[in-house]
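First up is the structure itself, then whatever we jot down about it.
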Amino acid sequence: MTKRLARTDAPVEQTWDLRDLFSTNEAWEAELHQLPEEIKTVTQYKGRLGEGPDVLLACLNAQEELLQRTIRFATYAHLNTSVDGTNPLYQANASHASSTVASIHAALSFVQSEILELPEGKIEEFLGKEEALSTYRKTLTELLETKPHRLSPETESVLASLGEVLDGPFAIYSRSKSADMPFDPIINENGDEQHVSLPLYETLYEQSSDTTERRKAYASYTKAFNQYKNTFATTYATEVKKQVVMSRERNYKSVTDMLLQPQQVTSEMYHNILDVIQRELAPHMRRFAKLKQKVLGLDKIYMCDLKAPLDPEYNPDVTYDEAAKEVLEALEVMGPEYMEIMTKAINERWVDYADTVGKRSGAFCSSPYGVHPYILMTWAGKMRSAFTLAHELGHAGHFALAGRYQRYHNTRPSLYFIEAPSTLNEMLLSHSLLAKSTDPRKRLAVIVQVLGTYYHNYVTHLLEGEMQRRVYAHAEADKPITANVLCDLKGAVLSDFWGDTVEIDEGARLTWMRQPHYYMGLYPYTYAAGLTASTAVAQKIQEEGPVTAERWLDVLKAGGTKKPLELMKLAGVDMSSPEPIRNTVKFIGSLIDELEKGFE
């Protein structure tokens with residue numbers, strides 16, 4: 001059996017370089033001791049924010065500087081635990097970071113409270129008198145919109161100080177998955193043991209062309225998750241209960257209303273994404289599943305078969321270097337400034353792609369302001385990993401540009417927009433690969449990869465969003481949340497979408513345990529929102545070339561200075577209407593049409 005590498009044994013070129021954050025762990029520890037001392041640079045303004053615009057500006061600037069340092073400090077601890085959750089030093093550092101960040105946020109909570117206590121119109125008056133305050137206009141305006149939902153300053157301070165405790169469910173979930181969960185090895189056709197881990201299952205076995213291997217790995221995956229279902233159910237139930245209590249205490253109509261407010265998204269837009277896609281995409285995806293069942297010669301098709309390659313004999317291995325070259329070529333239309341960022345990401349170890357013990361599953365891009373983004377993924381040696389790389393590079397390019405052109409407080413847009421830059425890169429990669437595919441067989445293989453992007457965002461994450469909608473409704477009716485309840489809810493979500501096309505077995509019913517997104521508010525559905533916008537923008541780039549690409553770069557550089565609908569309209573997409581969603585669903589249907597013809 002091939003043994004997973006310990007972190008210390010991983011080839012250095014496959015790991016990221018955290019020295020751009022802190023040169024050594026000792027340097028990080030020095031910041032750990034120094035940060036609490038820096039709180040006074042902000043608290044010196046406590047009780048004084050109404051004195052005048054100059055005082056408010058000085059306080060906000062001091063707060064921004066402290067938060068920039070705090071983000072870099074917290075990111076270093078988070079990235080280390082992400083690649084090795086078993087390391088005792090990293091675990092201890094994460095605990096120190098969490099408590100330090102909570103104490104800083106508690107100390108700074110007075111800023112928002114005092115601003116909200118100012119007389120009506122005072123902020124507008126200050127903005128008129130102090131031009132330098134204009135950079136904070138959007139931040140201040142959005143803060144004032146939360147006034148009906150704020151608690152007393154004392155209560156807000158206590159809640160901020162409890163940040164580490166309130167974030168406990170996600171920390172427990174993450175630590176359990178990366179450090180504790182064991183998977184049984186599987187035996188291959190030669191009688192050799194093969195290692196199974198969650199990252200390997202998601203990036204390798206789930207996409208294996210060998211049905212026996214794929215299903216054995218699925219059995220190992222199901223067994224491991226089943227052993228933890230009661231623990232994870234309690235953890236998730238705690239997270240949901242926290243959100244329900246907070247929404248009621250803050251006088252929101254529902255958890256959904258509370259979580260949508262910072263996204264600047266209407267309930268109609270939220271429900272449009274969930275309802276239109278499920279209703280109109282399901283028939284196409286059922287056709288796709290039936291095609292896969294037929295081509296692969298399966299008596300029944302299970303959830304674990306849905307990512308299997310349609311053409312098992314045409315599923316070539318791809319190295320990281322080969323994929324990086326393909327991705328960079330696909331992104332050249334974005335111009336020199338963007339490509340400078342992409343090239344640095346590849347060449348200067350912004351990406352950690354080794355498969356090592358204790359590494360968390362999935363992929364993400366962390367973008368600490370003032371440094372550069374860091375990408376985590378696990379390389380599986382197939383084209384799907386190339387699309388993952390393109391996706392995360394999209395996040396990296398977005399925040400590298402936003403950080404270059406905006407101040408810290410203006411870099412992050414609404415979650416509703418976050419997944420548009422990432423999925424656009426996947427679309428550009430697919431266009432590039434299709435344009436170079438003269439072999440009909442290769443073209444079909446690329447279409448399968450493109451459908452993999454839509455499956456991931458329009459099915460996997462979208463159905464996570466539907467699961468959230470049902471869980472919140474269940475919790476707000478004051479019904480208990482248990483492992484059986486969550487399995488039943490997830491099973492119903494999957495059955496409603498797939499009908500009798502796909503067998504919804506116990507492993508499928510356990511997939512509510514698989515993703516961390518359930519602990520991130522209303523995040524899952526935003527993947528579909530982002531991909532809807534990026535599908536339209538990618539088509540415009542294909543038709544119009546650099547002109548549209550330059551317009552898209554302006555959107556990325558705007559960071560969080562505009563609301564999500566404004567950003568998407570700047571890119572030429574109107575997400576207030578369901579039409580872009582319907583157009584994307586139709587496009588997916590056309591891809592499946594081509595596959596059906598190709599495999600006749």
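Labels used: A, B, ... for chains in the order of the structure tokens, numbers from 1 for residues in each chain, and numbers from 1 for ligands as shown.
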
For this session: Considering only C-alpha atoms, return as a PyMOL selection string whatever protein or nucleic-acid residues lie within 9 Å of Asp17 in chain A, sequence-local ones (same chain, fewer than 3 positions apart) excluded.
Result: chain A and resi 12+20-21+348-352+374

For this session: For range 165-172 of chain A, please output as a list in words all residues within 6 Å (counting only C-alpha atoms; exclusion window: fewer than 6 positions along the same chain).
Result: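 Listing them by chain and then by number gives Thr235, Glu239 and Tyr519 of chain A.
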
May I have the selected residues written with C-alpha atoms, as a PDB file, in the first residue's frame?
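This is the output file out.pdb:
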ATOM      1  CA  THR A 235     -21.985  19.617  16.121  1.00  0.00           C
ATOM      2  CA  GLU A 239     -24.340  25.568  14.772  1.00  0.00           C
ATOM      3  CA  TYR A 519     -20.941  26.101   8.880  1.00  0.00           C
TER       4      TYR A 519
END

For this session: Using only C-alpha atoms, determine which residues lie at most 8 Å from range 528-545 of chain A, disregarding the query and same-chain residues fewer than 4 positions distant; provide the list as an NGL selection string.
Result: :A and (273 or 333 or 416-421 or 423-424 or 427-428 or 431 or 454 or 457-458 or 461-462 or 524 or 549 or 568 or 571-573 or 575 or 580-581 or 584)

Those residues you just picked out, can you put them in a file as a PDB file, in the first residue's frame with N, CA and C atoms?
ATOM      1  N   ILE A 273     -32.552  31.088  -7.322  1.00  0.00           N
ATOM      2  CA  ILE A 273     -31.439  30.182  -7.593  1.00  0.00           C
ATOM      3  C   ILE A 273     -31.811  28.755  -7.221  1.00  0.00           C
ATOM      4  N   VAL A 333      -6.097  35.568 -22.257  1.00  0.00           N
ATOM      5  CA  VAL A 333      -7.013  36.592 -22.728  1.00  0.00           C
ATOM      6  C   VAL A 333      -7.245  37.669 -21.674  1.00  0.00           C
ATOM      7  N   TYR A 416     -22.399  36.553  -2.465  1.00  0.00           N
ATOM      8  CA  TYR A 416     -23.179  36.243  -3.657  1.00  0.00           C
ATOM      9  C   TYR A 416     -22.315  36.337  -4.919  1.00  0.00           C
ATOM     10  N   PHE A 417     -21.275  37.179  -4.862  1.00  0.00           N
ATOM     11  CA  PHE A 417     -20.414  37.380  -6.025  1.00  0.00           C
ATOM     12  C   PHE A 417     -19.137  36.538  -5.970  1.00  0.00           C
ATOM     13  N   ILE A 418     -18.763  36.067  -4.788  1.00  0.00           N
ATOM     14  CA  ILE A 418     -17.437  35.476  -4.547  1.00  0.00           C
ATOM     15  C   ILE A 418     -17.070  34.383  -5.539  1.00  0.00           C
ATOM     16  N   GLU A 419     -18.012  33.541  -5.922  1.00  0.00           N
ATOM     17  CA  GLU A 419     -17.687  32.400  -6.779  1.00  0.00           C
ATOM     18  C   GLU A 419     -17.739  32.696  -8.276  1.00  0.00           C
ATOM     19  N   ALA A 420     -18.014  33.943  -8.643  1.00  0.00           N
ATOM     20  CA  ALA A 420     -17.999  34.279 -10.074  1.00  0.00           C
ATOM     21  C   ALA A 420     -16.578  34.308 -10.646  1.00  0.00           C
ATOM     22  N   PRO A 421     -15.614  34.960  -9.993  1.00  0.00           N
ATOM     23  CA  PRO A 421     -14.254  34.975 -10.555  1.00  0.00           C
ATOM     24  C   PRO A 421     -13.613  33.594 -10.638  1.00  0.00           C
ATOM     25  N   THR A 423     -15.218  30.538 -10.923  1.00  0.00           N
ATOM     26  CA  THR A 423     -15.834  29.693 -11.951  1.00  0.00           C
ATOM     27  C   THR A 423     -15.604  30.253 -13.360  1.00  0.00           C
ATOM     28  N   LEU A 424     -15.368  31.573 -13.468  1.00  0.00           N
ATOM     29  CA  LEU A 424     -15.028  32.117 -14.786  1.00  0.00           C
ATOM     30  C   LEU A 424     -13.743  31.478 -15.297  1.00  0.00           C
ATOM     31  N   MET A 427     -14.482  28.231 -16.768  1.00  0.00           N
ATOM     32  CA  MET A 427     -15.122  28.364 -18.080  1.00  0.00           C
ATOM     33  C   MET A 427     -14.088  28.704 -19.158  1.00  0.00           C
ATOM     34  N   LEU A 428     -13.140  29.587 -18.821  1.00  0.00           N
ATOM     35  CA  LEU A 428     -12.105  29.940 -19.801  1.00  0.00           C
ATOM     36  C   LEU A 428     -11.222  28.737 -20.120  1.00  0.00           C
ATOM     37  N   HIS A 431     -13.204  26.546 -22.505  1.00  0.00           N
ATOM     38  CA  HIS A 431     -13.224  27.099 -23.864  1.00  0.00           C
ATOM     39  C   HIS A 431     -11.900  26.845 -24.574  1.00  0.00           C
ATOM     40  N   TYR A 454     -20.235  22.171 -13.677  1.00  0.00           N
ATOM     41  CA  TYR A 454     -21.648  22.463 -13.425  1.00  0.00           C
ATOM     42  C   TYR A 454     -22.232  21.507 -12.384  1.00  0.00           C
ATOM     43  N   ASN A 457     -21.152  22.779  -8.915  1.00  0.00           N
ATOM     44  CA  ASN A 457     -21.744  24.035  -8.465  1.00  0.00           C
ATOM     45  C   ASN A 457     -23.270  24.071  -8.573  1.00  0.00           C
ATOM     46  N   TYR A 458     -23.802  23.460  -9.630  1.00  0.00           N
ATOM     47  CA  TYR A 458     -25.240  23.508  -9.876  1.00  0.00           C
ATOM     48  C   TYR A 458     -25.982  22.315  -9.288  1.00  0.00           C
ATOM     49  N   HIS A 461     -23.310  21.733  -4.691  1.00  0.00           N
ATOM     50  CA  HIS A 461     -23.455  22.877  -3.796  1.00  0.00           C
ATOM     51  C   HIS A 461     -24.881  23.408  -3.768  1.00  0.00           C
ATOM     52  N   LEU A 462     -25.564  23.361  -4.907  1.00  0.00           N
ATOM     53  CA  LEU A 462     -26.942  23.835  -4.946  1.00  0.00           C
ATOM     54  C   LEU A 462     -27.823  22.986  -4.030  1.00  0.00           C
ATOM     55  N   PRO A 524     -23.373  27.821   0.280  1.00  0.00           N
ATOM     56  CA  PRO A 524     -23.449  26.856  -0.821  1.00  0.00           C
ATOM     57  C   PRO A 524     -24.188  27.339  -2.071  1.00  0.00           C
ATOM     58  N   ALA A 549     -12.879  41.151 -21.352  1.00  0.00           N
ATOM     59  CA  ALA A 549     -11.927  40.756 -20.309  1.00  0.00           C
ATOM     60  C   ALA A 549     -11.484  41.965 -19.491  1.00  0.00           C
ATOM     61  N   MET A 568     -22.186  42.585 -11.023  1.00  0.00           N
ATOM     62  CA  MET A 568     -22.565  41.713 -12.124  1.00  0.00           C
ATOM     63  C   MET A 568     -23.103  42.504 -13.313  1.00  0.00           C
ATOM     64  N   ALA A 571     -20.418  43.794 -15.337  1.00  0.00           N
ATOM     65  CA  ALA A 571     -19.890  42.747 -16.217  1.00  0.00           C
ATOM     66  C   ALA A 571     -20.875  42.374 -17.321  1.00  0.00           C
ATOM     67  N   GLY A 572     -22.067  43.000 -17.295  1.00  0.00           N
ATOM     68  CA  GLY A 572     -23.041  42.759 -18.350  1.00  0.00           C
ATOM     69  C   GLY A 572     -24.059  41.674 -18.053  1.00  0.00           C
ATOM     70  N   VAL A 573     -24.257  41.348 -16.760  1.00  0.00           N
ATOM     71  CA  VAL A 573     -25.196  40.287 -16.381  1.00  0.00           C
ATOM     72  C   VAL A 573     -26.199  40.832 -15.362  1.00  0.00           C
ATOM     73  N   MET A 575     -28.568  39.768 -12.651  1.00  0.00           N
ATOM     74  CA  MET A 575     -28.962  38.645 -11.807  1.00  0.00           C
ATOM     75  C   MET A 575     -30.238  38.908 -11.015  1.00  0.00           C
ATOM     76  N   PRO A 580     -30.825  34.704 -16.649  1.00  0.00           N
ATOM     77  CA  PRO A 580     -29.467  34.153 -16.743  1.00  0.00           C
ATOM     78  C   PRO A 580     -29.369  32.735 -16.197  1.00  0.00           C
ATOM     79  N   ILE A 581     -30.160  32.440 -15.170  1.00  0.00           N
ATOM     80  CA  ILE A 581     -30.171  31.085 -14.604  1.00  0.00           C
ATOM     81  C   ILE A 581     -30.728  30.116 -15.638  1.00  0.00           C
ATOM     82  N   THR A 584     -28.319  29.418 -18.456  1.00  0.00           N
ATOM     83  CA  THR A 584     -27.246  28.504 -18.078  1.00  0.00           C
ATOM     84  C   THR A 584     -27.740  27.067 -18.054  1.00  0.00           C
TER      85      THR A 584
END

Exercise. Out of A:Ala558, A:Phe497, A:Thr15, A:Lys359, which residue has the shortest atom-to-atom distance to His284 in chain A when counting only C-alpha atoms?
Worked result: A:Phe497

Exercise. Between A:Phe587, A:Trp379, A:Tyr236, A:Tyr353, which has the minimum distance to Gly521 in chain A (counting only C-alpha atoms)?
Worked result: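 Counting only C-alpha atoms, the residue closest to Gly521 in chain A is A:Tyr236.
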
For this session: Report the residues of range 34-228 of chain A whose backbone DSSP state falls under alpha helix (DSSP H), written as a ChimeraX atom specification.
Result: /A:34-38,40-43,53-83,88-117,122-129,137-145,153-161,163-166,168-175,198-203,211-228

For this session: Quick one: everything within 9 Å of range 39-50 of chain A, counting only C-alpha atoms, minus sequence neighbours fewer than 5 positions away in the same chain. Send it as JSON, numbers by chain.
Result: {"A": [55, 56, 57, 58, 59, 60, 61, 62, 63, 66, 104, 107, 108, 110, 111, 114, 115, 118, 119, 122]}

Residues of the last selection are to be written out with N, CA and C atoms, as an mmCIF file, in the first residue's frame.
data_model
loop_
_atom_site.group_PDB
_atom_site.id
_atom_site.type_symbol
_atom_site.label_atom_id
_atom_site.label_comp_id
_atom_site.auth_asym_id
_atom_site.auth_seq_id
_atom_site.Cartn_x
_atom_site.Cartn_y
_atom_site.Cartn_z
ATOM 1 N N VAL A 55 -11.843 62.517 14.533
ATOM 2 C CA VAL A 55 -11.687 61.461 15.537
ATOM 3 C C VAL A 55 -12.194 60.138 14.974
ATOM 4 N N LEU A 56 -13.352 60.166 14.324
ATOM 5 C CA LEU A 56 -13.904 58.943 13.733
ATOM 6 C C LEU A 56 -12.935 58.381 12.696
ATOM 7 N N LEU A 57 -12.384 59.233 11.851
ATOM 8 C CA LEU A 57 -11.445 58.792 10.826
ATOM 9 C C LEU A 57 -10.206 58.164 11.451
ATOM 10 N N ALA A 58 -9.659 58.810 12.474
ATOM 11 C CA ALA A 58 -8.461 58.287 13.132
ATOM 12 C C ALA A 58 -8.739 56.914 13.742
ATOM 13 N N CYS A 59 -9.904 56.749 14.335
ATOM 14 C CA CYS A 59 -10.279 55.465 14.941
ATOM 15 C C CYS A 59 -10.415 54.381 13.880
ATOM 16 N N LEU A 60 -11.111 54.699 12.788
ATOM 17 C CA LEU A 60 -11.311 53.703 11.734
ATOM 18 C C LEU A 60 -9.990 53.307 11.080
ATOM 19 N N ASN A 61 -9.096 54.272 10.905
ATOM 20 C CA ASN A 61 -7.786 53.951 10.327
ATOM 21 C C ASN A 61 -6.969 53.057 11.262
ATOM 22 N N ALA A 62 -7.009 53.367 12.555
ATOM 23 C CA ALA A 62 -6.276 52.546 13.526
ATOM 24 C C ALA A 62 -6.854 51.135 13.582
ATOM 25 N N GLN A 63 -8.174 51.038 13.520
ATOM 26 C CA GLN A 63 -8.830 49.730 13.525
ATOM 27 C C GLN A 63 -8.432 48.934 12.286
ATOM 28 N N LEU A 66 -4.921 47.515 12.646
ATOM 29 C CA LEU A 66 -4.875 46.395 13.588
ATOM 30 C C LEU A 66 -5.502 45.151 12.969
ATOM 31 N N ILE A 104 -9.586 40.520 20.537
ATOM 32 C CA ILE A 104 -9.448 41.753 19.752
ATOM 33 C C ILE A 104 -10.814 42.234 19.270
ATOM 34 N N ALA A 107 -12.747 43.742 22.084
ATOM 35 C CA ALA A 107 -12.257 45.074 22.440
ATOM 36 C C ALA A 107 -12.677 46.128 21.426
ATOM 37 N N LEU A 108 -12.809 45.715 20.157
ATOM 38 C CA LEU A 108 -13.147 46.666 19.097
ATOM 39 C C LEU A 108 -14.650 46.812 18.870
ATOM 40 N N PHE A 110 -16.804 48.218 20.443
ATOM 41 C CA PHE A 110 -17.341 49.545 20.785
ATOM 42 C C PHE A 110 -17.453 50.433 19.548
ATOM 43 N N VAL A 111 -16.603 50.181 18.549
ATOM 44 C CA VAL A 111 -16.593 51.059 17.373
ATOM 45 C C VAL A 111 -17.958 51.040 16.690
ATOM 46 N N GLU A 114 -20.788 52.490 19.073
ATOM 47 C CA GLU A 114 -20.796 53.950 19.208
ATOM 48 C C GLU A 114 -21.274 54.637 17.935
ATOM 49 N N ILE A 115 -20.891 54.089 16.782
ATOM 50 C CA ILE A 115 -21.347 54.679 15.514
ATOM 51 C C ILE A 115 -22.862 54.589 15.422
ATOM 52 N N LEU A 118 -24.822 57.211 17.433
ATOM 53 C CA LEU A 118 -24.758 58.616 17.047
ATOM 54 C C LEU A 118 -26.131 59.094 16.570
ATOM 55 N N PRO A 119 -26.438 60.373 16.745
ATOM 56 C CA PRO A 119 -27.736 60.901 16.314
ATOM 57 C C PRO A 119 -27.970 60.692 14.819
ATOM 58 N N LYS A 122 -25.827 62.107 11.681
ATOM 59 C CA LYS A 122 -24.502 62.535 12.102
ATOM 60 C C LYS A 122 -23.405 61.980 11.173
#
